[in-house]
file coords21.cif (mmCIF, C-alpha atoms)
data_protein
#
loop_
_atom_site.group_PDB
_atom_site.id
_atom_site.type_symbol
_atom_site.label_atom_id
_atom_site.label_comp_id
_atom_site.auth_asym_id
_atom_site.auth_seq_id
_atom_site.Cartn_x
_atom_site.Cartn_y
_atom_site.Cartn_z
ATOM 1 C CA MET I 1 0.000 0.000 0.000
ATOM 2 C CA LYS I 2 2.955 2.327 0.555
ATOM 3 C CA ASN I 3 3.567 2.480 -3.192
ATOM 4 C CA PHE I 4 0.111 3.923 -3.691
ATOM 5 C CA LEU I 5 0.780 6.662 -1.153
ATOM 6 C CA ILE I 6 3.544 7.923 -3.407
ATOM 7 C CA ILE I 7 0.976 8.667 -6.064
ATOM 8 C CA VAL I 8 -2.161 9.267 -4.041
ATOM 9 C CA CYS I 9 -1.414 11.846 -1.392
ATOM 10 C CA CYS I 10 -4.101 14.428 -1.972
ATOM 11 C CA LEU I 11 -7.330 12.590 -2.730
ATOM 12 C CA GLY I 12 -9.186 14.908 -0.398
ATOM 13 C CA SER I 13 -9.050 17.590 -3.066
ATOM 14 C CA LEU I 14 -10.834 15.531 -5.709
ATOM 15 C CA ALA I 15 -14.320 16.670 -4.779
ATOM 16 C CA ALA I 16 -13.360 20.267 -5.472
ATOM 17 C CA LEU I 17 -11.962 19.364 -8.857
ATOM 18 C CA SER I 18 -15.285 17.879 -9.935
ATOM 19 C CA GLN I 19 -16.763 21.404 -9.919
ATOM 20 C CA GLN I 20 -16.797 23.504 -13.063
ATOM 21 C CA GLN I 21 -16.353 26.852 -11.311
ATOM 22 C CA PHE I 22 -13.375 28.270 -9.473
ATOM 23 C CA ASP I 23 -13.581 27.864 -5.698
ATOM 24 C CA ARG I 24 -10.890 29.901 -3.964
ATOM 25 C CA GLU I 25 -11.735 28.538 -0.531
ATOM 26 C CA ALA I 26 -11.553 24.950 -1.770
ATOM 27 C CA ALA I 27 -8.061 25.611 -3.137
ATOM 28 C CA LYS I 28 -6.956 27.180 0.142
ATOM 29 C CA LYS I 29 -8.480 24.282 2.082
ATOM 30 C CA ALA I 30 -6.588 21.752 -0.052
ATOM 31 C CA GLN I 31 -3.330 23.583 0.643
ATOM 32 C CA LYS I 32 -4.068 23.706 4.374
ATOM 33 C CA GLU I 33 -4.832 19.973 4.405
ATOM 34 C CA LEU I 34 -1.553 19.299 2.609
ATOM 35 C CA ASN I 35 0.337 21.136 5.340
ATOM 36 C CA ILE I 36 -1.512 19.183 8.030
ATOM 37 C CA GLU I 37 -0.597 15.928 6.286
ATOM 38 C CA TYR I 38 3.064 16.873 6.082
ATOM 39 C CA GLU I 39 3.142 17.668 9.807
ATOM 40 C CA ASP I 40 1.821 14.175 10.639
ATOM 41 C CA LYS I 41 4.696 11.778 11.328
ATOM 42 C CA ASP I 42 2.598 8.829 10.097
ATOM 43 C CA LYS I 43 1.695 10.430 6.767
ATOM 44 C CA SER I 44 4.449 12.908 5.987
ATOM 45 C CA PRO I 45 6.987 12.207 3.224
ATOM 46 C CA LEU I 46 9.427 14.553 4.959
ATOM 47 C CA THR I 47 12.557 13.239 6.620
ATOM 48 C CA PRO I 48 12.391 13.322 10.437
ATOM 49 C CA GLU I 49 14.838 16.229 10.431
ATOM 50 C CA ASP I 50 12.818 18.298 7.944
ATOM 51 C CA ARG I 51 9.533 17.507 9.692
ATOM 52 C CA GLU I 52 10.946 18.694 13.013
ATOM 53 C CA ASN I 53 11.606 22.125 11.491
ATOM 54 C CA PHE I 54 8.557 22.154 9.193
ATOM 55 C CA LYS I 55 6.650 25.463 9.175
ATOM 56 C CA GLY I 56 4.507 24.812 6.114
ATOM 57 C CA LEU I 57 4.943 24.397 2.376
ATOM 58 C CA ASP I 58 5.546 27.361 0.117
ATOM 59 C CA PHE I 59 2.728 28.009 -2.369
ATOM 60 C CA PHE I 60 2.183 30.380 -5.236
ATOM 61 C CA PRO I 61 -0.725 32.759 -4.467
ATOM 62 C CA VAL I 62 -4.097 31.171 -5.216
ATOM 63 C CA SER I 63 -5.295 32.578 -8.538
ATOM 64 C CA GLU I 64 -8.416 32.064 -10.624
ATOM 65 C CA LYS I 65 -6.213 32.446 -13.682
ATOM 66 C CA TYR I 66 -4.917 28.923 -13.174
ATOM 67 C CA PHE I 67 -8.328 27.297 -12.964
ATOM 68 C CA VAL I 68 -9.346 26.060 -16.410
ATOM 69 C CA VAL I 69 -12.170 23.975 -17.792
ATOM 70 C CA ALA I 70 -10.653 21.621 -20.332
ATOM 71 C CA HIS I 71 -12.218 19.590 -23.111
ATOM 72 C CA PHE I 72 -11.865 15.898 -22.303
ATOM 73 C CA THR I 73 -11.308 13.299 -25.024
ATOM 74 C CA ARG I 74 -11.323 9.622 -24.074
ATOM 75 C CA THR I 75 -8.563 7.571 -25.751
ATOM 76 C CA GLU I 76 -9.818 3.995 -25.706
ATOM 77 C CA THR I 77 -7.224 2.111 -27.753
ATOM 78 C CA GLU I 78 -4.136 2.863 -25.664
ATOM 79 C CA LYS I 79 -2.015 -0.060 -24.481
ATOM 80 C CA PRO I 80 -0.621 -0.309 -20.937
ATOM 81 C CA PHE I 81 2.994 0.757 -20.579
ATOM 82 C CA GLU I 82 5.640 0.855 -17.888
ATOM 83 C CA MET I 83 5.981 4.409 -16.635
ATOM 84 C CA LYS I 84 9.494 5.483 -15.724
ATOM 85 C CA THR I 85 10.079 6.502 -12.139
ATOM 86 C CA THR I 86 12.911 8.008 -10.153
ATOM 87 C CA GLY I 87 13.741 4.511 -8.919
ATOM 88 C CA ALA I 88 13.655 0.951 -10.181
ATOM 89 C CA ARG I 89 9.857 0.634 -10.073
ATOM 90 C CA ARG I 90 8.038 0.530 -13.398
ATOM 91 C CA PRO I 91 4.317 0.643 -12.559
ATOM 92 C CA LEU I 92 1.838 -0.120 -15.316
ATOM 93 C CA TYR I 93 -0.124 2.858 -16.567
ATOM 94 C CA GLN I 94 -2.474 3.435 -19.455
ATOM 95 C CA LYS I 95 -3.167 6.696 -21.195
ATOM 96 C CA TYR I 96 -6.828 7.314 -20.435
ATOM 97 C CA GLY I 97 -7.576 10.543 -22.229
ATOM 98 C CA GLU I 98 -6.508 14.012 -23.283
ATOM 99 C CA LEU I 99 -7.334 17.439 -21.910
ATOM 100 C CA ALA I 100 -7.311 20.458 -24.230
ATOM 101 C CA PHE I 101 -7.458 23.948 -22.765
ATOM 102 C CA ALA I 102 -6.414 27.538 -23.322
ATOM 103 C CA LEU I 103 -4.274 29.666 -21.034
ATOM 104 C CA GLU I 104 -2.921 33.168 -21.703
ATOM 105 C CA GLY I 105 -4.280 32.974 -25.246
ATOM 106 C CA LYS I 106 -2.395 29.767 -26.066
ATOM 107 C CA ASN I 107 -3.725 26.252 -26.582
ATOM 108 C CA PHE I 108 -2.341 23.338 -24.585
ATOM 109 C CA LYS I 109 -2.890 19.609 -24.198
ATOM 110 C CA LEU I 110 -2.219 17.284 -21.279
ATOM 111 C CA ASN I 111 -2.492 13.510 -21.177
ATOM 112 C CA LEU I 112 -4.380 11.772 -18.386
ATOM 113 C CA TYR I 113 -3.147 8.422 -17.084
ATOM 114 C CA GLN I 114 -4.635 5.560 -15.095
ATOM 115 C CA ASN I 115 -2.575 3.334 -12.822
ATOM 116 C CA ILE I 116 -3.636 -0.219 -13.750
ATOM 117 C CA GLU I 117 -3.026 -1.793 -10.344
ATOM 118 C CA LEU I 118 -4.464 1.098 -8.388
ATOM 119 C CA SER I 119 -7.652 1.126 -10.481
ATOM 120 C CA LYS I 120 -8.429 -2.378 -9.176
ATOM 121 C CA LYS I 121 -8.481 -1.198 -5.566
ATOM 122 C CA ASP I 122 -11.735 -0.284 -3.854
ATOM 123 C CA GLY I 123 -12.377 3.432 -4.103
ATOM 124 C CA TYR I 124 -9.803 4.045 -6.826
ATOM 125 C CA HIS I 125 -11.558 2.724 -9.930
ATOM 126 C CA ASP I 126 -12.156 6.230 -11.286
ATOM 127 C CA TYR I 127 -8.881 7.777 -10.133
ATOM 128 C CA LEU I 128 -6.766 9.471 -12.810
ATOM 129 C CA PHE I 129 -3.230 10.806 -12.667
ATOM 130 C CA LEU I 130 -2.355 14.203 -14.169
ATOM 131 C CA PRO I 131 1.386 14.911 -14.047
ATOM 132 C CA PHE I 132 2.859 18.016 -15.652
ATOM 133 C CA SER I 133 5.954 20.173 -15.840
ATOM 134 C CA ASP I 134 6.174 23.792 -16.948
ATOM 135 C CA LEU I 135 8.544 26.726 -17.310
ATOM 136 C CA THR I 136 8.776 27.190 -13.536
ATOM 137 C CA SER I 137 10.119 23.631 -13.123
ATOM 138 C CA GLY I 138 13.660 23.707 -11.772
ATOM 139 C CA LYS I 139 13.302 27.377 -10.896
ATOM 140 C CA GLU I 140 10.445 28.275 -8.567
ATOM 141 C CA SER I 141 8.860 24.816 -8.609
ATOM 142 C CA TYR I 142 10.249 21.292 -8.301
ATOM 143 C CA ILE I 143 12.506 20.321 -11.193
ATOM 144 C CA GLY I 144 10.709 17.011 -11.681
ATOM 145 C CA GLY I 145 7.292 18.587 -12.234
ATOM 146 C CA ARG I 146 4.109 18.341 -10.221
ATOM 147 C CA TYR I 147 0.949 16.254 -9.967
ATOM 148 C CA ILE I 148 -2.806 16.833 -9.804
ATOM 149 C CA ASP I 149 -5.320 14.181 -8.762
ATOM 150 C CA VAL I 150 -8.607 13.978 -10.672
ATOM 151 C CA ARG I 151 -11.416 11.525 -11.269
ATOM 152 C CA ILE I 152 -12.952 10.272 -14.493
ATOM 153 C CA PRO I 153 -15.359 12.974 -15.716
ATOM 154 C CA LYS I 154 -18.991 12.207 -16.449
ATOM 155 C CA GLY I 155 -19.034 14.340 -19.594
ATOM 156 C CA ASP I 156 -16.636 15.864 -22.086
ATOM 157 C CA THR I 157 -15.242 18.587 -19.820
ATOM 158 C CA MET I 158 -12.975 18.525 -16.788
ATOM 159 C CA ALA I 159 -11.859 21.271 -14.428
ATOM 160 C CA ILE I 160 -8.127 21.589 -13.785
ATOM 161 C CA ASP I 161 -7.204 23.633 -10.739
ATOM 162 C CA PHE I 162 -3.455 24.147 -10.916
ATOM 163 C CA ASN I 163 -3.698 25.808 -7.491
ATOM 164 C CA GLN I 164 -3.964 22.265 -6.134
ATOM 165 C CA ALA I 165 -0.828 20.993 -7.877
ATOM 166 C CA TYR I 166 1.547 19.259 -5.475
ATOM 167 C CA ASN I 167 5.067 17.854 -5.556
ATOM 168 C CA PRO I 168 5.857 14.143 -5.777
ATOM 169 C CA TYR I 169 7.110 12.627 -2.537
ATOM 170 C CA CYS I 170 10.621 12.275 -3.951
ATOM 171 C CA ALA I 171 10.871 16.078 -3.916
ATOM 172 C CA TYR I 172 11.159 15.755 -0.136
ATOM 173 C CA ASN I 173 12.767 12.393 0.461
ATOM 174 C CA HIS I 174 15.002 10.247 -1.779
ATOM 175 C CA LYS I 175 13.621 7.013 -0.318
ATOM 176 C CA TYR I 176 10.532 7.371 -2.514
ATOM 177 C CA SER I 177 10.190 6.311 -6.135
ATOM 178 C CA CYS I 178 7.972 8.672 -8.107
ATOM 179 C CA PRO I 179 6.590 8.633 -11.666
ATOM 180 C CA ILE I 180 8.529 10.898 -14.005
ATOM 181 C CA VAL I 181 6.391 13.405 -15.888
ATOM 182 C CA PRO I 182 6.078 12.216 -19.514
ATOM 183 C CA GLN I 183 7.564 14.603 -22.068
ATOM 184 C CA ASP I 184 4.147 15.073 -23.697
ATOM 185 C CA ASN I 185 2.983 16.783 -20.488
ATOM 186 C CA ASP I 186 5.680 19.458 -20.471
ATOM 187 C CA LEU I 187 3.877 22.797 -20.825
ATOM 188 C CA ASP I 188 5.539 25.712 -22.598
ATOM 189 C CA ILE I 189 4.166 28.230 -20.098
ATOM 190 C CA GLU I 190 4.724 29.232 -16.491
ATOM 191 C CA ILE I 191 2.156 27.664 -14.174
ATOM 192 C CA ARG I 192 2.546 29.985 -11.205
ATOM 193 C CA ALA I 193 0.136 28.069 -9.025
ATOM 194 C CA GLY I 194 0.265 25.244 -6.531
ATOM 195 C CA VAL I 195 3.235 24.110 -4.457
ATOM 196 C CA LYS I 196 6.659 25.646 -4.987
ATOM 197 C CA LYS I 197 9.900 23.714 -4.646
ATOM 198 C CA PHE I 198 10.868 22.578 -1.179
ATOM 199 C CA LEU I 199 13.692 24.425 0.516
ATOM 200 C CA ASP I 200 14.876 22.467 3.549
#
call {"tool": "encode", "arguments": {"input": "coords21.cif", "output": "C-alpha cells"}}
result
Amino acid sequence: MKNFLIIVCCLGSLAALSQQQFDREAAKKAQKELNIEYEDKDKSPLTPEDRENFKGLDFFPVSEKYFVVAHFTRTETEKPFEMKTTGARRPLYQKYGELAFALEGKNFKLNLYQNIELSKKDGYHDYLFLPFSDLTSGKESYIGGRYIDVRIPKGDTMAIDFNQAYNPYCAYNHKYSCPIVPQDNDLDIEIRAGVKKFLD
C-alpha cells in the first residue's frame, strides 16, 4: 500500500476538482490539508529532520487564472505501458484521455493516465493521474514537475485547478520512487500556481 501513497497523497481535493467553477476557498483548504498531512509523522513524506523544522509548504498565491475547464477526449485504444520513475519501479499505466485547454491565449494539451493496479483497488476505480511540468520547473517549482489528482469525468469537460498541484514525494525524500512526468505533459508556459519547490 505504501507504493500507492507515493501517487495518491491528496485525494481529499478531488471533490473540489469535480466542480466547473473556481472555488478559492476549496483551493486554500486543499493547501491547508496538505500542510496538516506533512506535519503528521505517520503520513508525511518529509525526513524526520525536515519535519521537526517544518513550518509549512511554500505556495504560489491562489489565482483564478490557473483554474481552467478543459475539453476531455477519451482515448480507448491505448495499451498499458511501464511508466518510468525516479527509482527501479516501473508501474503499469495506461493513457486514459486528453485534456485540451487555453491559457494566456495559447492552446495546450495534457495527457491523463490511469494506474492499472491502483484502479483495481476499492475506491480508486475512477482515479486518474495528471502529471505536468512547466517553465517554472527547476526554478520556482520542483525540477521534476508536479501532480494533480482527478477523477474520471462524467461528460466531455474537466476542471483543472493548478492551485492544487503538489510535488511528488521524492521532492522531499530520496527514499521514494515517483513517476517521471512524460515529455508530452511538459507545458511551454509558467504555471505559477500550486506548491513551490521545497527548501529544507
call {"tool": "closest_residue", "arguments": {"input": "coords21.cif", "among": "I:Asp161, I:Asn185, I:Leu199, I:Ala26", "to": "Phe108 (chain I)", "atoms": "all atoms listed in the file"}}
result
I:Asn185
call {"tool": "atom_distance", "arguments": {"input": "coords21.cif", "atom1": "CA of Lys28 (chain I)", "atom2": "CA of Ala193 (chain I)"}}
result
11.6 Å
call {"tool": "residues_around", "arguments": {"input": "coords21.cif", "residues": "Arg90 (chain I)", "least_positions_apart": "6", "cutoff": "9 Å", "atoms": "all atoms listed in the file", "output": "MDAnalysis selection string"}}
result
chainID I and resid 81:84 179
call {"tool": "closest_residue", "arguments": {"input": "coords21.cif", "among": "I:Tyr38, I:Ala70, I:Glu76, I:Tyr166", "to": "Asp50 (chain I)", "atoms": "all atoms listed in the file"}}
result
I:Tyr38
call {"tool": "residues_around", "arguments": {"input": "coords21.cif", "residues": "Asn115 (chain I)", "least_positions_apart": "5", "cutoff": "10 Å", "atoms": "only C-alpha atoms", "output": "list of chain:residue names"}}
result
I:Phe4, I:Ile7, I:Pro80, I:Phe81, I:Glu82, I:Met83, I:Pro91, I:Leu92, I:Tyr93, I:Gln94, I:Lys95, I:Tyr96, I:Lys120, I:Tyr124, I:His125, I:Tyr127, I:Leu128, I:Phe129
call {"tool": "write_last_selection", "arguments": {"input": "coords21.cif", "atoms": "C-alpha atoms", "output": "tab-separated table (two decimals), keeping the file's coordinate frame"}}
result
chain	number	residue	atom	x	y	z
I	4	PHE	CA	0.11	3.92	-3.69
I	7	ILE	CA	0.98	8.67	-6.06
I	80	PRO	CA	-0.62	-0.31	-20.94
I	81	PHE	CA	2.99	0.76	-20.58
I	82	GLU	CA	5.64	0.86	-17.89
I	83	MET	CA	5.98	4.41	-16.64
I	91	PRO	CA	4.32	0.64	-12.56
I	92	LEU	CA	1.84	-0.12	-15.32
I	93	TYR	CA	-0.12	2.86	-16.57
I	94	GLN	CA	-2.47	3.44	-19.45
I	95	LYS	CA	-3.17	6.70	-21.20
I	96	TYR	CA	-6.83	7.31	-20.43
I	120	LYS	CA	-8.43	-2.38	-9.18
I	124	TYR	CA	-9.80	4.04	-6.83
I	125	HIS	CA	-11.56	2.72	-9.93
I	127	TYR	CA	-8.88	7.78	-10.13
I	128	LEU	CA	-6.77	9.47	-12.81
I	129	PHE	CA	-3.23	10.81	-12.67
call {"tool": "resolve_selection", "arguments": {"input": "coords21.cif", "expression": "the PyMOL selection byres ((chain I and resi 190) around 7)", "output": "ChimeraX atom specification"}}
result
/I:134-136,189,191-192
call {"tool": "write_last_selection", "arguments": {"input": "coords21.cif", "atoms": "C-alpha atoms", "output": "short mmCIF file (atom, residue, chain, number, x, y, z; two decimals), in the frame of the given file"}}
result
data_model
loop_
_atom_site.label_atom_id
_atom_site.label_comp_id
_atom_site.auth_asym_id
_atom_site.auth_seq_id
_atom_site.Cartn_x
_atom_site.Cartn_y
_atom_site.Cartn_z
CA ASP I 134 6.17 23.79 -16.95
CA LEU I 135 8.54 26.73 -17.31
CA THR I 136 8.78 27.19 -13.54
CA ILE I 189 4.17 28.23 -20.10
CA ILE I 191 2.16 27.66 -14.17
CA ARG I 192 2.55 29.98 -11.20
#
call {"tool": "residues_around", "arguments": {"input": "coords21.cif", "residues": "Lys55 (chain I)", "least_positions_apart": "6", "cutoff": "12 Å", "atoms": "all atoms listed in the file", "output": "compact mmCIF listing (two decimals) with C-alpha atoms, in the coordinates of the input"}}
result
# COMPACT_ATOMS: atom_id res chain seq x y z
CA LYS I 32 -4.07 23.71 4.37
CA ASN I 35 0.34 21.14 5.34
CA ILE I 36 -1.51 19.18 8.03
CA TYR I 38 3.06 16.87 6.08
CA GLU I 39 3.14 17.67 9.81
CA PHE I 198 10.87 22.58 -1.18
CA LEU I 199 13.69 24.42 0.52
CA ASP I 200 14.88 22.47 3.55
call {"tool": "closest_residue", "arguments": {"input": "coords21.cif", "among": "I:Gly145, I:Ala171, I:Gln20, I:Glu37", "to": "Val69 (chain I)", "atoms": "all atoms listed in the file"}}
result
I:Gln20
call {"tool": "residues_around", "arguments": {"input": "coords21.cif", "residues": "region 137-139 of chain I", "least_positions_apart": "3", "cutoff": "10 Å", "atoms": "all atoms listed in the file", "output": "number ranges by chain"}}
result
I: 132-134, 142-146, 186-187, 190-191, 196-197
call {"tool": "atom_distance", "arguments": {"input": "coords21.cif", "atom1": "CA of Met158 (chain I)", "atom2": "CA of Gln183 (chain I)"}}
result
21.6 Å
call {"tool": "closest_residue", "arguments": {"input": "coords21.cif", "among": "I:Gln114, I:Ser177, I:Ser63, I:Thr85", "to": "Val150 (chain I)", "atoms": "all atoms listed in the file"}}
result
I:Gln114
call {"tool": "resolve_selection", "arguments": {"input": "coords21.cif", "expression": "the PyMOL selection byres ((chain I and resi 42-47) around 12)", "output": "PyMOL selection string"}}
result
chain I and resi 2+5-10+33-41+48-54+56-57+167-178+198-200
call {"tool": "write_last_selection", "arguments": {"input": "coords21.cif", "atoms": "C-alpha atoms", "output": "PDB file, in the coordinates of the input"}}
result
ATOM      1  CA  LYS I   2       2.955   2.327   0.555  1.00  0.00           C
ATOM      2  CA  LEU I   5       0.780   6.662  -1.153  1.00  0.00           C
ATOM      3  CA  ILE I   6       3.544   7.923  -3.407  1.00  0.00           C
ATOM      4  CA  ILE I   7       0.976   8.667  -6.064  1.00  0.00           C
ATOM      5  CA  VAL I   8      -2.161   9.267  -4.041  1.00  0.00           C
ATOM      6  CA  CYS I   9      -1.414  11.846  -1.392  1.00  0.00           C
ATOM      7  CA  CYS I  10      -4.101  14.428  -1.972  1.00  0.00           C
ATOM      8  CA  GLU I  33      -4.832  19.973   4.405  1.00  0.00           C
ATOM      9  CA  LEU I  34      -1.553  19.299   2.609  1.00  0.00           C
ATOM     10  CA  ASN I  35       0.337  21.136   5.340  1.00  0.00           C
ATOM     11  CA  ILE I  36      -1.512  19.183   8.030  1.00  0.00           C
ATOM     12  CA  GLU I  37      -0.597  15.928   6.286  1.00  0.00           C
ATOM     13  CA  TYR I  38       3.064  16.873   6.082  1.00  0.00           C
ATOM     14  CA  GLU I  39       3.142  17.668   9.807  1.00  0.00           C
ATOM     15  CA  ASP I  40       1.821  14.175  10.639  1.00  0.00           C
ATOM     16  CA  LYS I  41       4.696  11.778  11.328  1.00  0.00           C
ATOM     17  CA  PRO I  48      12.391  13.322  10.437  1.00  0.00           C
ATOM     18  CA  GLU I  49      14.838  16.229  10.431  1.00  0.00           C
ATOM     19  CA  ASP I  50      12.818  18.298   7.944  1.00  0.00           C
ATOM     20  CA  ARG I  51       9.533  17.507   9.692  1.00  0.00           C
ATOM     21  CA  GLU I  52      10.946  18.694  13.013  1.00  0.00           C
ATOM     22  CA  ASN I  53      11.606  22.125  11.491  1.00  0.00           C
ATOM     23  CA  PHE I  54       8.557  22.154   9.193  1.00  0.00           C
ATOM     24  CA  GLY I  56       4.507  24.812   6.114  1.00  0.00           C
ATOM     25  CA  LEU I  57       4.943  24.397   2.376  1.00  0.00           C
ATOM     26  CA  ASN I 167       5.067  17.854  -5.556  1.00  0.00           C
ATOM     27  CA  PRO I 168       5.857  14.143  -5.777  1.00  0.00           C
ATOM     28  CA  TYR I 169       7.110  12.627  -2.537  1.00  0.00           C
ATOM     29  CA  CYS I 170      10.621  12.275  -3.951  1.00  0.00           C
ATOM     30  CA  ALA I 171      10.871  16.078  -3.916  1.00  0.00           C
ATOM     31  CA  TYR I 172      11.159  15.755  -0.136  1.00  0.00           C
ATOM     32  CA  ASN I 173      12.767  12.393   0.461  1.00  0.00           C
ATOM     33  CA  HIS I 174      15.002  10.247  -1.779  1.00  0.00           C
ATOM     34  CA  LYS I 175      13.621   7.013  -0.318  1.00  0.00           C
ATOM     35  CA  TYR I 176      10.532   7.371  -2.514  1.00  0.00           C
ATOM     36  CA  SER I 177      10.190   6.311  -6.135  1.00  0.00           C
ATOM     37  CA  CYS I 178       7.972   8.672  -8.107  1.00  0.00           C
ATOM     38  CA  PHE I 198      10.868  22.578  -1.179  1.00  0.00           C
ATOM     39  CA  LEU I 199      13.692  24.425   0.516  1.00  0.00           C
ATOM     40  CA  ASP I 200      14.876  22.467   3.549  1.00  0.00           C
TER      41      ASP I 200
END
call {"tool": "atom_distance", "arguments": {"input": "coords21.cif", "atom1": "CA of His71 (chain I)", "atom2": "CA of Ala100 (chain I)"}}
result
5.1 Å
call {"tool": "closest_residue", "arguments": {"input": "coords21.cif", "among": "I:Pro182, I:Gln164, I:Ala159, I:Ser141", "to": "Ala30 (chain I)", "atoms": "only C-alpha atoms"}}
result
I:Gln164
call {"tool": "closest_residue", "arguments": {"input": "coords21.cif", "among": "I:Glu78, I:Glu25, I:Asp58, I:Gly97", "to": "Asp156 (chain I)", "atoms": "only C-alpha atoms"}}
result
I:Gly97
call {"tool": "resolve_selection", "arguments": {"input": "coords21.cif", "expression": "the PyMOL selection byres ((chain I and resi 103) around 9)", "output": "CSV table (one decimal) with C-alpha atoms, keeping the file's coordinate frame"}}
result
chain,number,residue,atom,x,y,z
I,65,LYS,CA,-6.2,32.4,-13.7
I,66,TYR,CA,-4.9,28.9,-13.2
I,68,VAL,CA,-9.3,26.1,-16.4
I,101,PHE,CA,-7.5,23.9,-22.8
I,102,ALA,CA,-6.4,27.5,-23.3
I,104,GLU,CA,-2.9,33.2,-21.7
I,105,GLY,CA,-4.3,33.0,-25.2
I,106,LYS,CA,-2.4,29.8,-26.1
I,107,ASN,CA,-3.7,26.3,-26.6
I,108,PHE,CA,-2.3,23.3,-24.6
I,189,ILE,CA,4.2,28.2,-20.1
call {"tool": "axis_aligned_box", "arguments": {"input": "coords21.cif", "around": "region 43-54 of chain I", "padding_each_side": "4 Å", "output": "lines of an AutoDock Vina configuration file"}}
result
center_x = 8.3
center_y = 16.3
center_z = 8.1
size_x = 21.1
size_y = 19.7
size_z = 17.8
call {"tool": "decode", "arguments": {"input": "coords21.cif", "residues": "region 43-57 of chain I", "atoms": "N, CA and C atoms", "output": "compact mmCIF listing (two decimals), in the first residue's frame"}}
result
# COMPACT_ATOMS: atom_id res chain seq x y z
N LYS I 43 2.10 10.20 8.15
CA LYS I 43 1.69 10.43 6.77
C LYS I 43 2.71 11.24 5.97
N SER I 44 3.55 11.97 6.65
CA SER I 44 4.45 12.91 5.99
C SER I 44 5.55 12.21 5.20
N PRO I 45 5.85 12.72 3.99
CA PRO I 45 6.99 12.21 3.22
C PRO I 45 8.30 12.84 3.66
N LEU I 46 8.23 13.84 4.53
CA LEU I 46 9.43 14.55 4.96
C LEU I 46 10.33 13.65 5.80
N THR I 47 11.63 13.93 5.74
CA THR I 47 12.56 13.24 6.62
C THR I 47 12.27 13.70 8.04
N PRO I 48 12.62 12.90 9.05
CA PRO I 48 12.39 13.32 10.44
C PRO I 48 12.99 14.69 10.74
N GLU I 49 14.18 14.95 10.19
CA GLU I 49 14.84 16.23 10.43
C GLU I 49 14.05 17.40 9.83
N ASP I 50 13.58 17.23 8.60
CA ASP I 50 12.82 18.30 7.94
C ASP I 50 11.46 18.49 8.61
N ARG I 51 10.85 17.39 9.04
CA ARG I 51 9.53 17.51 9.69
C ARG I 51 9.64 18.24 11.02
N GLU I 52 10.74 18.04 11.73
CA GLU I 52 10.95 18.69 13.01
C GLU I 52 10.99 20.21 12.86
N ASN I 53 11.50 20.68 11.73
CA ASN I 53 11.61 22.12 11.49
C ASN I 53 10.54 22.65 10.53
N PHE I 54 9.54 21.82 10.21
CA PHE I 54 8.56 22.15 9.19
C PHE I 54 7.63 23.27 9.67
N LYS I 55 7.53 24.33 8.87
CA LYS I 55 6.65 25.46 9.17
C LYS I 55 5.54 25.62 8.14
N GLY I 56 5.51 24.73 7.17
CA GLY I 56 4.51 24.81 6.11
C GLY I 56 5.15 24.87 4.75
N LEU I 57 4.46 24.36 3.75
CA LEU I 57 4.94 24.40 2.38
C LEU I 57 4.81 25.80 1.80
